[in-house]
$ cat protein-v1.txt   # compact mmCIF, C-alpha atoms
# COMPACT_ATOMS: atom_id res chain seq x y z
CA MET T 9 99.59 123.78 82.33
CA LYS T 10 102.15 124.45 85.02
CA ILE T 11 101.09 123.20 88.46
CA LEU T 12 102.68 124.40 91.69
CA VAL T 13 102.69 121.59 94.28
CA VAL T 14 102.93 122.72 97.91
CA ASN T 15 103.59 120.59 100.99
CA ALA T 16 103.51 122.79 104.09
CA GLY T 17 104.88 121.64 107.44
CA SER T 18 104.90 123.43 110.76
CA SER T 19 108.22 125.19 110.02
CA SER T 20 108.86 124.16 106.43
CA LEU T 21 107.39 124.40 102.96
CA LYS T 22 108.37 122.06 100.12
CA TYR T 23 107.39 122.79 96.54
CA GLN T 24 107.66 121.61 92.96
CA LEU T 25 106.62 123.35 89.76
CA ILE T 26 105.49 120.60 87.40
CA ASP T 27 104.63 120.80 83.71
CA SER T 28 101.42 118.77 83.36
CA GLU T 29 102.19 117.89 79.73
CA THR T 30 105.66 116.42 80.27
CA GLU T 31 105.06 115.56 83.95
CA LYS T 32 108.57 116.81 84.67
CA ALA T 33 109.58 119.08 87.55
CA ILE T 34 110.71 122.43 86.17
CA ALA T 35 111.85 123.57 89.61
CA LYS T 36 111.73 122.23 93.14
CA GLY T 37 112.93 123.14 96.57
CA GLY T 38 111.89 124.09 100.04
CA CYS T 39 111.84 126.72 102.73
CA GLU T 40 113.35 125.65 106.05
CA ARG T 41 113.10 127.06 109.57
CA ILE T 42 110.06 129.23 108.87
CA GLY T 43 109.32 131.40 111.90
CA ILE T 44 112.67 130.77 113.54
CA ALA T 45 116.20 132.09 113.12
CA GLY T 46 118.32 130.92 110.21
CA SER T 47 115.51 130.45 107.69
CA LEU T 48 116.54 129.72 104.12
CA LEU T 49 115.23 128.66 100.72
CA LYS T 50 116.83 125.90 98.65
CA HIS T 51 115.81 126.18 95.00
CA LYS T 52 116.84 123.67 92.32
CA THR T 53 116.41 123.86 88.55
CA ALA T 54 118.21 122.53 85.48
CA LYS T 55 120.68 125.38 86.02
CA GLY T 56 121.66 124.05 89.44
CA GLU T 57 120.80 124.82 93.04
CA VAL T 58 120.77 128.16 94.82
CA VAL T 59 120.43 128.78 98.54
CA ILE T 60 118.79 132.01 99.64
CA GLU T 61 119.06 133.05 103.28
CA LYS T 62 116.23 135.36 104.26
CA ALA T 63 114.04 135.90 107.28
CA MET T 64 110.70 134.13 106.90
CA PRO T 65 108.53 135.00 109.90
CA ASP T 66 105.55 133.07 108.51
CA HIS T 67 104.34 130.91 105.63
CA THR T 68 102.94 133.86 103.68
CA VAL T 69 106.42 135.36 103.46
CA ALA T 70 107.81 131.94 102.54
CA VAL T 71 105.28 131.52 99.70
CA SER T 72 106.06 135.03 98.45
CA LEU T 73 109.76 134.20 98.40
CA VAL T 74 109.13 130.98 96.47
CA LEU T 75 107.09 132.84 93.86
CA GLU T 76 109.68 135.62 93.61
CA THR T 77 112.36 132.97 93.06
CA LEU T 78 110.33 131.20 90.35
CA VAL T 79 110.19 134.44 88.30
CA HIS T 80 113.66 135.69 89.21
CA PRO T 81 115.55 136.87 86.09
CA GLU T 82 118.62 134.80 86.98
CA HIS T 83 117.44 131.54 88.53
CA GLY T 84 113.71 131.69 87.79
CA VAL T 85 111.91 129.32 85.39
CA ILE T 86 108.79 131.29 84.40
CA ALA T 87 108.24 134.82 83.11
CA SER T 88 105.27 135.67 85.32
CA MET T 89 102.85 134.21 87.87
CA ASP T 90 100.22 133.95 85.12
CA GLU T 91 102.03 130.81 83.90
CA ILE T 92 101.00 128.92 87.05
CA GLY T 93 97.62 127.42 86.23
CA ALA T 94 96.79 125.99 89.67
CA VAL T 95 98.21 125.04 93.04
CA GLY T 96 97.95 121.53 94.48
CA HIS T 97 98.23 121.20 98.25
CA ARG T 98 99.08 118.11 100.23
CA VAL T 99 96.55 117.85 103.06
CA VAL T 100 97.13 115.08 105.57
CA HIS T 101 93.61 114.27 106.75
CA GLY T 102 90.35 114.10 104.84
CA ALA T 103 88.52 112.02 107.49
CA GLU T 104 85.39 110.45 105.96
CA GLU T 105 84.32 113.64 104.18
CA PHE T 106 86.84 113.30 101.35
CA ASP T 107 87.50 110.15 99.35
CA SER T 108 89.09 112.09 96.50
CA SER T 109 90.85 115.38 95.78
CA VAL T 110 88.75 118.55 95.67
CA VAL T 111 88.93 122.15 94.50
CA ILE T 112 89.22 124.25 97.66
CA THR T 113 86.26 126.53 98.43
CA ASP T 114 85.35 128.31 101.66
CA GLU T 115 83.11 125.38 102.58
CA ILE T 116 85.89 122.88 101.90
CA MET T 117 88.29 124.93 104.02
CA GLU T 118 85.86 124.80 106.94
CA LYS T 119 85.79 121.00 106.74
CA ILE T 120 89.58 120.76 106.46
CA ILE T 121 89.95 122.98 109.54
CA ALA T 122 87.30 120.96 111.41
CA ASN T 123 89.36 117.80 110.86
CA SER T 124 92.46 119.35 112.40
CA ASP T 125 91.87 117.56 115.70
CA LEU T 126 92.45 114.26 113.84
CA ALA T 127 95.91 115.42 112.73
CA PRO T 128 96.90 118.21 115.15
CA LEU T 129 100.59 118.13 114.20
CA HIS T 130 100.13 118.39 110.43
CA GLN T 131 96.71 119.72 109.46
CA PRO T 132 97.14 123.24 110.88
CA ALA T 133 100.35 123.63 108.88
CA ASN T 134 98.54 122.48 105.72
CA VAL T 135 95.84 125.09 106.38
CA ILE T 136 98.47 127.80 106.86
CA GLY T 137 100.07 126.81 103.54
CA ILE T 138 96.74 127.03 101.70
CA ASN T 139 95.91 130.43 103.18
CA ALA T 140 99.40 131.73 102.42
CA CYS T 141 99.06 130.75 98.75
CA LYS T 142 95.57 132.23 98.54
CA ALA T 143 96.88 135.51 99.93
CA VAL T 144 99.65 135.75 97.36
CA MET T 145 97.81 134.08 94.44
CA PRO T 146 94.12 134.99 94.93
CA ASN T 147 93.09 134.09 91.37
CA ALA T 148 94.78 130.68 91.07
CA PRO T 149 92.60 127.60 91.65
CA MET T 150 93.65 125.67 94.76
CA VAL T 151 93.23 121.89 95.09
CA ALA T 152 93.47 119.74 98.22
CA VAL T 153 94.97 116.25 97.77
CA PHE T 154 94.46 114.15 100.89
CA ASP T 155 96.89 111.55 102.27
CA THR T 156 93.91 109.55 103.51
CA ALA T 157 91.81 109.61 100.33
CA PHE T 158 93.35 106.55 98.66
CA HIS T 159 92.38 104.44 101.68
CA ALA T 160 88.81 105.76 101.85
CA LYS T 161 87.34 102.73 100.06
CA MET T 162 88.59 100.23 102.64
CA PRO T 163 85.78 97.86 103.68
CA ASP T 164 84.22 98.61 107.06
CA TYR T 165 85.51 95.40 108.64
CA ALA T 166 89.06 96.50 107.75
CA PHE T 167 88.85 100.04 109.10
CA MET T 168 86.81 99.33 112.24
CA TYR T 169 88.41 99.07 115.68
CA ALA T 170 86.73 96.77 118.21
CA LEU T 171 85.47 99.69 120.28
CA PRO T 172 81.86 100.71 120.98
CA TYR T 173 80.30 101.55 117.60
CA GLU T 174 79.20 104.95 118.92
CA ASP T 175 82.84 106.01 119.21
CA TYR T 176 83.23 105.44 115.48
CA LYS T 177 80.05 107.31 114.55
CA GLU T 178 80.37 110.19 117.02
CA LEU T 179 84.12 110.57 117.51
CA LYS T 180 85.37 109.31 114.11
CA VAL T 181 87.63 106.67 115.70
CA ARG T 182 88.64 104.25 112.92
CA ARG T 183 91.58 103.28 110.73
CA TYR T 184 92.30 105.98 108.15
CA GLY T 185 95.74 105.17 106.80
CA PHE T 186 98.32 107.57 105.41
CA HIS T 187 100.97 107.83 102.65
CA GLY T 188 98.00 107.48 100.29
CA THR T 189 99.52 109.41 97.40
CA SER T 190 102.63 107.21 97.48
CA HIS T 191 100.69 103.94 97.66
CA LYS T 192 98.40 105.12 94.88
CA TYR T 193 101.29 106.08 92.61
CA VAL T 194 103.42 102.96 92.98
CA SER T 195 100.48 100.55 92.84
CA GLU T 196 99.30 102.16 89.58
CA GLU T 197 102.83 102.01 88.18
CA ALA T 198 103.11 98.35 89.18
CA ALA T 199 99.78 97.48 87.55
CA LYS T 200 100.87 99.22 84.33
CA PHE T 201 104.26 97.48 84.44
CA MET T 202 102.53 94.11 84.76
CA GLY T 203 99.79 94.93 82.27
CA ASN T 204 97.24 93.81 84.87
CA PRO T 205 94.82 96.41 86.28
CA ASN T 206 93.24 93.74 88.50
CA ALA T 207 96.51 92.71 90.18
CA LYS T 208 96.72 92.04 93.91
CA ILE T 209 99.57 94.29 95.02
CA ILE T 210 101.24 94.85 98.40
CA THR T 211 103.02 98.19 98.51
CA CYS T 212 105.75 98.73 101.12
CA HIS T 213 106.43 102.44 101.68
CA LEU T 214 109.53 102.18 103.85
CA GLY T 215 111.13 105.37 105.12
CA ASN T 216 111.47 107.28 108.35
CA GLY T 217 107.71 106.80 108.38
CA SER T 218 106.65 103.41 107.00
CA SER T 219 103.37 101.83 106.00
CA ILE T 220 102.23 98.73 104.13
CA THR T 221 99.07 98.66 101.98
CA ALA T 222 97.04 95.91 100.33
CA VAL T 223 95.79 97.07 96.92
CA ASN T 224 93.27 94.88 95.11
CA ALA T 225 92.42 95.94 91.53
CA GLY T 226 93.50 99.51 92.24
CA VAL T 227 91.63 99.85 95.55
CA SER T 228 93.26 100.06 98.98
CA VAL T 229 91.60 97.32 101.03
CA ASP T 230 93.80 97.54 104.14
CA THR T 231 96.78 99.52 105.38
CA SER T 232 99.07 99.39 108.40
CA MET T 233 98.82 102.96 109.68
CA GLY T 234 95.62 103.57 111.56
CA PHE T 235 93.81 106.39 113.35
CA THR T 236 97.20 108.13 113.34
CA PRO T 237 100.54 107.39 111.63
CA LEU T 238 101.76 105.80 114.89
CA GLU T 239 100.20 102.40 114.21
CA GLY T 240 101.82 99.72 112.09
CA VAL T 241 105.43 98.66 111.64
CA PRO T 242 108.27 100.18 113.70
CA MET T 243 109.61 103.36 112.08
CA GLY T 244 112.49 105.75 112.58
CA THR T 245 111.29 107.06 115.94
CA ARG T 246 107.69 105.72 116.06
CA SER T 247 106.93 102.53 117.94
CA GLY T 248 104.37 101.06 115.58
CA ASP T 249 102.00 98.50 117.09
CA VAL T 250 102.05 98.22 120.89
CA ASP T 251 99.60 96.93 123.49
CA PRO T 252 97.45 99.97 124.43
CA ALA T 253 97.91 99.08 128.10
CA VAL T 254 101.58 100.06 127.68
CA ILE T 255 100.46 103.72 127.77
CA GLU T 256 99.10 103.47 131.32
CA TYR T 257 102.04 101.33 132.44
CA LEU T 258 104.63 103.79 131.12
CA ALA T 259 102.71 106.75 132.50
CA ASN T 260 102.78 105.23 135.99
CA LYS T 261 106.38 104.01 135.86
CA LYS T 262 107.87 107.13 134.24
CA GLY T 263 105.64 109.75 135.77
CA MET T 264 104.31 110.93 132.39
CA ASP T 265 100.85 112.05 131.33
CA VAL T 266 99.15 110.70 128.20
CA ALA T 267 100.65 113.43 126.01
CA GLY T 268 104.09 112.57 127.38
CA VAL T 269 103.68 108.88 126.59
CA LEU T 270 102.45 109.62 123.07
CA SER T 271 105.46 111.88 122.50
CA TYR T 272 107.66 109.05 123.82
CA LEU T 273 106.06 106.57 121.38
CA ASN T 274 106.25 108.99 118.44
CA LYS T 275 109.66 110.58 118.93
CA LYS T 276 111.83 108.34 121.12
CA SER T 277 110.87 104.84 120.03
CA GLY T 278 111.07 102.87 116.78
CA VAL T 279 114.43 101.66 115.53
CA ALA T 280 116.10 104.63 117.23
CA GLY T 281 114.72 103.50 120.58
CA ILE T 282 115.69 99.87 120.12
CA SER T 283 119.16 100.57 118.78
CA GLY T 284 120.17 103.59 120.82
CA VAL T 285 122.17 104.50 117.70
CA SER T 286 120.05 106.33 115.16
CA SER T 287 116.78 106.46 113.24
CA ASP T 288 118.80 106.42 110.00
CA PHE T 289 119.02 102.93 108.52
CA ARG T 290 122.44 103.68 107.02
CA ASP T 291 123.78 104.29 110.53
CA LEU T 292 122.06 101.15 111.80
CA ALA T 293 123.54 99.01 109.03
CA ALA T 294 127.04 100.37 109.68
CA ALA T 295 126.71 99.76 113.43
CA ALA T 296 125.32 96.25 112.89
CA ASP T 297 128.24 95.43 110.59
CA GLU T 298 130.58 96.49 113.41
CA GLY T 299 128.89 94.02 115.77
CA ASN T 300 126.41 96.31 117.54
CA TYR T 301 123.75 93.91 118.84
CA ARG T 302 121.05 96.51 119.39
CA ALA T 303 121.47 97.97 115.90
CA LYS T 304 121.09 94.49 114.41
CA LEU T 305 118.09 93.85 116.66
CA ALA T 306 116.44 97.05 115.42
CA LEU T 307 116.93 96.02 111.79
CA ASP T 308 115.74 92.47 112.44
CA THR T 309 112.65 93.72 114.27
CA PHE T 310 111.78 96.12 111.46
CA CYS T 311 112.15 93.50 108.72
CA TYR T 312 110.23 90.91 110.73
CA LYS T 313 107.27 93.25 111.31
CA VAL T 314 107.15 94.27 107.63
CA ARG T 315 107.24 90.60 106.64
CA LYS T 316 104.32 89.87 108.99
CA TYR T 317 102.21 92.61 107.39
CA VAL T 318 103.00 91.34 103.90
CA GLY T 319 101.87 87.88 104.96
CA ALA T 320 98.71 89.27 106.54
CA TYR T 321 97.81 91.22 103.43
CA ALA T 322 98.39 88.23 101.17
CA ALA T 323 95.82 86.50 103.37
CA ALA T 324 93.49 89.52 103.27
CA MET T 325 93.44 89.45 99.46
CA ASN T 326 93.58 85.65 99.16
CA GLY T 327 96.82 85.92 97.23
CA VAL T 328 99.37 88.38 95.93
CA ASP T 329 100.62 89.08 92.42
CA CYS T 330 103.19 91.76 93.20
CA ILE T 331 105.19 93.18 96.11
CA VAL T 332 106.48 96.74 95.71
CA PHE T 333 109.25 98.46 97.66
CA THR T 334 109.34 102.25 97.65
CA ALA T 335 110.41 105.39 99.60
CA GLY T 336 113.86 106.10 101.05
CA ILE T 337 114.57 102.71 102.63
CA GLY T 338 112.47 100.63 100.25
CA GLU T 339 114.21 102.13 97.21
CA ASN T 340 117.77 102.26 98.48
CA THR T 341 118.49 99.69 101.21
CA VAL T 342 119.45 96.42 99.59
CA SER T 343 119.86 94.48 102.84
CA VAL T 344 116.39 95.39 104.12
CA ARG T 345 114.70 94.18 100.94
CA LYS T 346 116.75 90.98 101.06
CA ASP T 347 115.90 90.27 104.71
CA ILE T 348 112.18 90.94 104.23
CA MET T 349 111.96 88.73 101.14
CA ALA T 350 113.95 85.90 102.77
CA GLY T 351 110.90 84.99 104.84
CA LEU T 352 108.33 85.10 102.03
CA THR T 353 109.38 82.09 99.99
CA TYR T 354 106.20 80.28 101.13
CA LEU T 355 104.33 82.73 98.88
CA GLY T 356 106.49 81.67 95.97
CA ALA T 357 108.18 85.07 96.10
CA THR T 358 111.93 85.19 95.51
CA ILE T 359 114.42 87.85 94.41
CA ASP T 360 117.50 87.88 92.22
CA GLU T 361 120.34 89.08 94.44
CA ALA T 362 122.24 90.70 91.58
CA LYS T 363 119.15 92.64 90.48
CA ASN T 364 118.38 93.54 94.09
CA ALA T 365 121.87 95.04 94.42
CA LEU T 366 121.36 97.46 91.51
CA LYS T 367 121.56 101.14 92.48
CA ASN T 368 118.38 103.20 92.46
CA ASP T 369 118.44 105.21 89.22
CA GLY T 370 114.92 106.61 89.37
CA THR T 371 113.40 103.88 87.20
CA ILE T 372 111.40 100.73 87.99
CA HIS T 373 113.60 97.72 88.80
CA ASP T 374 112.20 94.21 88.54
CA ILE T 375 114.18 92.27 91.15
CA SER T 376 112.10 89.09 90.94
CA GLY T 377 113.91 85.78 90.98
CA ALA T 378 113.76 83.67 87.80
CA ASP T 379 111.44 81.18 89.56
CA SER T 380 109.37 83.75 91.48
CA LYS T 381 105.61 83.34 91.25
CA VAL T 382 105.21 86.88 92.58
CA LYS T 383 106.53 89.96 90.82
CA VAL T 384 108.88 91.94 93.11
CA LEU T 385 109.45 95.55 92.06
CA VAL T 386 111.39 98.55 93.33
CA ILE T 387 109.50 101.68 92.24
CA PRO T 388 110.67 105.22 93.12
CA THR T 389 107.69 107.07 94.56
CA ASN T 390 106.54 110.43 93.26
CA GLU T 391 103.91 111.94 95.55
CA GLU T 392 104.31 115.40 94.01
CA LEU T 393 103.42 114.04 90.58
CA VAL T 394 100.26 112.47 91.99
CA ILE T 395 99.27 115.83 93.47
CA ALA T 396 99.98 117.56 90.14
CA ARG T 397 97.93 114.98 88.23
CA GLU T 398 94.98 115.25 90.61
CA THR T 399 95.14 119.06 90.47
CA TYR T 400 95.28 119.15 86.68
CA ALA T 401 92.38 116.71 86.35
CA LEU T 402 90.17 118.95 88.51
CA VAL T 403 91.00 122.35 87.01
CA LYS T 404 91.76 121.68 83.33

$ encode --input "protein-v1.txt" --output "structure tokens"
Amino acid sequence: MKILVVNAGSSSLKYQLIDSETEKAIAKGGCERIGIAGSLLKHKTAKGEVVIEKAMPDHTVAVSLVLETLVHPEHGVIASMDEIGAVGHRVVHGAEEFDSSVVITDEIMEKIIANSDLAPLHQPANVIGINACKAVMPNAPMVAVFDTAFHAKMPDYAFMYALPYEDYKELKVRRYGFHGTSHKYVSEEAAKFMGNPNAKIITCHLGNGSSITAVNAGVSVDTSMGFTPLEGVPMGTRSGDVDPAVIEYLANKKGMDVAGVLSYLNKKSGVAGISGVSSDFRDLAAAADEGNYRAKLALDTFCYKVRKYVGAYAAAMNGVDCIVFTAGIGENTVSVRKDIMAGLTYLGATIDEAKNALKNDGTIHDISGADSKVKVLVIPTNEELVIARETYALVK
């Protein structure tokens, strides 16, 4: 079965067409600048990449263009739409209603829409993407795969905030966690690599958005992102953990309202805010090498906070068998992995510097030191494959 995987953003739409038998991407790409001038489609297959510039006033037009491209006589990869067996959609928030992926029905759509206030920046775009696909492909089964679902089995003492209990029950205020498909994929791959389904694994998804997760015997038992993706370690432009009283203080000092402060913490903070250079770790590393103090401070702060979470999660699980690095920074930034691991020798975790320096080639790299008591792995994430697998399992 061929599965179309769709990840809709507010002005973008990423896709992959995956063969469920080989689990290989037949085609992938994305629509950029939907609803604004200069919209285009980048489409990549074994034949190469094509860029199509075309006005896309909304997501329905974007989906139509993707489907037209997939069956195009020159750069298409299928003969007709009938070859697409189902569509898997990334949906950011499942709240407490969804602890697994589901086939989308009218009732399910109502619940997804109702949870939009928990993810106001992302959920509406996901809904638009689903509706756009339904309009163009009315007979294809649609599946929702939730970012939060993998974390849904966290124990209550891990997801609770120390607020009045009524605010959890009535307003749904709790830790949800995100990047679930990535943490699920790499933790499963690590367990298979080790031949130990009961392993205690700490997965470090390090990118422009970063989160750390404690996975015990395949179950997420704690994770660094919380009610929103703002909590946790510092990220590209997100602050990560701060004292909540900072919001009032900044509002008073800078003349901002709550929305203004949250925008400040989400878009102007993180390593970009500390460094004043960039949110891109390659730029930070180059600046630090040239003697830029703030760039080095940003990198040191990031690595320190990740290291703290790893230590906390080793304590939460009463041990750790494996530490996994994944996502853009985790897979590709040698110095960040080295700096994080340098402070974890008390766990018996060490790395081999030569193995750590190996270039990411899309395969699992075991970078553990010869004397390491903890397996240290670099595993390229594949969230689209998780979505395809979940979709296939539900509709086959």

$ closest_residue --input "protein-v1.txt" --among "T:Ala378, T:Ile209, T:Val59, T:Ile337" --to "T:Asp288" --atoms "all atoms listed in the file"
T:Ile337

$ residues_around --input "protein-v1.txt" --residues "T:Ala306" --least-positions-apart "6" --cutoff "9 Å" --atoms "only C-alpha atoms" --output "PyMOL selection string"
chain T and resi 242+278-283+292

$ residues_around --input "protein-v1.txt" --residues "T:Asn139" --least-positions-apart "5" --cutoff "10 Å" --atoms "all atoms listed in the file" --output "PyMOL selection string"
chain T and resi 67-68+117+133-134+144-146+150

$ closest_residue --input "protein-v1.txt" --among "T:Met64, T:Ala122, T:Ala170, T:Ile387" --to "T:Asp369" --atoms "only C-alpha atoms"
T:Ile387

$ closest_residue --input "protein-v1.txt" --among "T:Val344, T:Ile112, T:Ile138, T:Val328" --to "T:Asn15" --atoms "all atoms listed in the file"
T:Ile138

$ atom_distance --input "protein-v1.txt" --atom1 "atom CA of T:Gly37" --atom2 "atom CA of T:Glu61"
13.4 Å

$ residues_around --input "protein-v1.txt" --residues "T:Arg246" --least-positions-apart "4" --cutoff "12 Å" --atoms "all atoms listed in the file" --output "tab-separated table (two decimals) with C-alpha atoms, in the coordinates of the input"
chain	number	residue	atom	x	y	z
T	215	GLY	CA	111.13	105.37	105.12
T	216	ASN	CA	111.47	107.28	108.35
T	217	GLY	CA	107.71	106.80	108.38
T	218	SER	CA	106.65	103.41	107.00
T	219	SER	CA	103.37	101.83	106.00
T	233	MET	CA	98.82	102.96	109.68
T	236	THR	CA	97.20	108.13	113.34
T	237	PRO	CA	100.54	107.39	111.63
T	238	LEU	CA	101.76	105.80	114.89
T	239	GLU	CA	100.20	102.40	114.21
T	240	GLY	CA	101.82	99.72	112.09
T	241	VAL	CA	105.43	98.66	111.64
T	242	PRO	CA	108.27	100.18	113.70
T	250	VAL	CA	102.05	98.22	120.89
T	269	VAL	CA	103.68	108.88	126.59
T	270	LEU	CA	102.45	109.62	123.07
T	271	SER	CA	105.46	111.88	122.50
T	272	TYR	CA	107.66	109.05	123.82
T	273	LEU	CA	106.06	106.57	121.38
T	274	ASN	CA	106.25	108.99	118.44
T	275	LYS	CA	109.66	110.58	118.93
T	276	LYS	CA	111.83	108.34	121.12
T	277	SER	CA	110.87	104.84	120.03
T	278	GLY	CA	111.07	102.87	116.78
T	279	VAL	CA	114.43	101.66	115.53
T	280	ALA	CA	116.10	104.63	117.23
T	281	GLY	CA	114.72	103.50	120.58
T	282	ILE	CA	115.69	99.87	120.12
T	287	SER	CA	116.78	106.46	113.24
T	310	PHE	CA	111.78	96.12	111.46

$ closest_residue --input "protein-v1.txt" --among "T:Ala166, T:Ala143, T:Ile26, T:Ala160" --to "T:Ser109" --atoms "all atoms listed in the file"
T:Ala160

$ atom_distance --input "protein-v1.txt" --atom1 "atom CA of T:Asp329" --atom2 "atom CA of T:Ala199"
9.7 Å

$ closest_residue --input "protein-v1.txt" --among "T:Met162, T:Ala222, T:Leu129, T:Cys212" --to "T:Val314" --atoms "only C-alpha atoms"
T:Cys212

$ atom_distance --input "protein-v1.txt" --atom1 "atom CA of T:Ala198" --atom2 "atom CA of T:Lys22"
26.6 Å

$ closest_residue --input "protein-v1.txt" --among "T:Leu307, T:Ala324, T:Leu352, T:Val394" --to "T:Ser286" --atoms "all atoms listed in the file"
T:Leu307

$ residues_around --input "protein-v1.txt" --residues "T:Val71" --least-positions-apart "2" --cutoff "12 Å" --atoms "only C-alpha atoms" --output "CSV table (one decimal) with C-alpha atoms, in the frame of the given file"
chain,number,residue,atom,x,y,z
T,12,LEU,CA,102.7,124.4,91.7
T,13,VAL,CA,102.7,121.6,94.3
T,14,VAL,CA,102.9,122.7,97.9
T,15,ASN,CA,103.6,120.6,101.0
T,16,ALA,CA,103.5,122.8,104.1
T,20,SER,CA,108.9,124.2,106.4
T,21,LEU,CA,107.4,124.4,103.0
T,22,LYS,CA,108.4,122.1,100.1
T,23,TYR,CA,107.4,122.8,96.5
T,37,GLY,CA,112.9,123.1,96.6
T,38,GLY,CA,111.9,124.1,100.0
T,39,CYS,CA,111.8,126.7,102.7
T,40,GLU,CA,113.4,125.6,106.0
T,42,ILE,CA,110.1,129.2,108.9
T,49,LEU,CA,115.2,128.7,100.7
T,64,MET,CA,110.7,134.1,106.9
T,65,PRO,CA,108.5,135.0,109.9
T,66,ASP,CA,105.6,133.1,108.5
T,67,HIS,CA,104.3,130.9,105.6
T,68,THR,CA,102.9,133.9,103.7
T,69,VAL,CA,106.4,135.4,103.5
T,73,LEU,CA,109.8,134.2,98.4
T,74,VAL,CA,109.1,131.0,96.5
T,75,LEU,CA,107.1,132.8,93.9
T,76,GLU,CA,109.7,135.6,93.6
T,77,THR,CA,112.4,133.0,93.1
T,78,LEU,CA,110.3,131.2,90.4
T,95,VAL,CA,98.2,125.0,93.0
T,136,ILE,CA,98.5,127.8,106.9
T,137,GLY,CA,100.1,126.8,103.5
T,138,ILE,CA,96.7,127.0,101.7
T,139,ASN,CA,95.9,130.4,103.2
T,140,ALA,CA,99.4,131.7,102.4
T,141,CYS,CA,99.1,130.8,98.8
T,142,LYS,CA,95.6,132.2,98.5
T,143,ALA,CA,96.9,135.5,99.9
T,144,VAL,CA,99.6,135.8,97.4
T,145,MET,CA,97.8,134.1,94.4

$ closest_atom_pairs --input "protein-v1.txt" --of "stretch 155-242 of chain T" --to "stretch 396-403 of chain T" --cutoff "12 Å" --atoms "all atoms listed in the file" --output "tab-separated table"
residue	atom	partner	partner_atom	distance
T:Ala157	CA	T:Glu398	CA	11.7
T:Phe158	CA	T:Glu398	CA	12.0
T:Thr189	CA	T:Glu398	CA	10.0
T:Lys192	CA	T:Glu398	CA	11.5
T:Tyr193	CA	T:Arg397	CA	10.5

$ write_last_selection --input "protein-v1.txt" --atoms "C-alpha atoms" --output "PDB file, keeping the file's coordinate frame"
ATOM      1  CA  ALA T 157      91.810 109.610 100.330  1.00  0.00           C
ATOM      2  CA  PHE T 158      93.350 106.550  98.660  1.00  0.00           C
ATOM      3  CA  THR T 189      99.520 109.410  97.400  1.00  0.00           C
ATOM      4  CA  LYS T 192      98.400 105.120  94.880  1.00  0.00           C
ATOM      5  CA  TYR T 193     101.290 106.080  92.610  1.00  0.00           C
TER       6      TYR T 193
END

$ axis_aligned_box --input "protein-v1.txt" --around "stretch 86-95 of chain T" --padding-each-side "3 Å" --output "AutoDock Vina command-line options"
--center_x 102.8 --center_y 130.4 --center_z 88.1 --size_x 18.0 --size_y 16.6 --size_z 15.9

$ residues_near_point --input "protein-v1.txt" --point "(103.7, 100.0, 92.9)" --cutoff "9 Å" --atoms "only C-alpha atoms" --output "list in words"
Ser190, His191, Lys192, Tyr193, Val194, Ser195, Glu196, Glu197, Ala198, Ala199, Phe201, Ile209, Ile210, Thr211, Cys212, Cys330, Ile331, Val332, Phe333, Thr334, Leu385, Val386, Ile387, Pro388 and Thr389 of chain T

$ build_atoms --input "protein-v1.txt" --residues "stretch 259-269 of chain T" --atoms "N, CA and C atoms" --output "compact mmCIF listing (two decimals), keeping the file's coordinate frame"
# COMPACT_ATOMS: atom_id res chain seq x y z
N ALA T 259 103.09 105.52 131.81
CA ALA T 259 102.71 106.75 132.50
C ALA T 259 102.96 106.60 134.00
N ASN T 260 102.59 105.45 134.56
CA ASN T 260 102.78 105.23 135.99
C ASN T 260 104.26 105.06 136.35
N LYS T 261 104.99 104.32 135.55
CA LYS T 261 106.38 104.01 135.86
C LYS T 261 107.31 105.21 135.63
N LYS T 262 106.99 106.02 134.62
CA LYS T 262 107.87 107.13 134.24
C LYS T 262 107.35 108.49 134.67
N GLY T 263 106.19 108.49 135.31
CA GLY T 263 105.64 109.75 135.77
C GLY T 263 105.24 110.69 134.64
N MET T 264 104.71 110.12 133.54
CA MET T 264 104.31 110.93 132.39
C MET T 264 102.79 110.96 132.27
N ASP T 265 102.27 112.03 131.66
CA ASP T 265 100.85 112.05 131.33
C ASP T 265 100.67 111.41 129.95
N VAL T 266 99.42 111.35 129.48
CA VAL T 266 99.15 110.70 128.20
C VAL T 266 99.92 111.37 127.07
N ALA T 267 99.93 112.69 127.06
CA ALA T 267 100.65 113.43 126.01
C ALA T 267 102.13 113.08 126.04
N GLY T 268 102.68 112.92 127.24
CA GLY T 268 104.09 112.57 127.38
C GLY T 268 104.39 111.19 126.83
N VAL T 269 103.48 110.24 127.10
CA VAL T 269 103.68 108.88 126.59
C VAL T 269 103.58 108.86 125.07
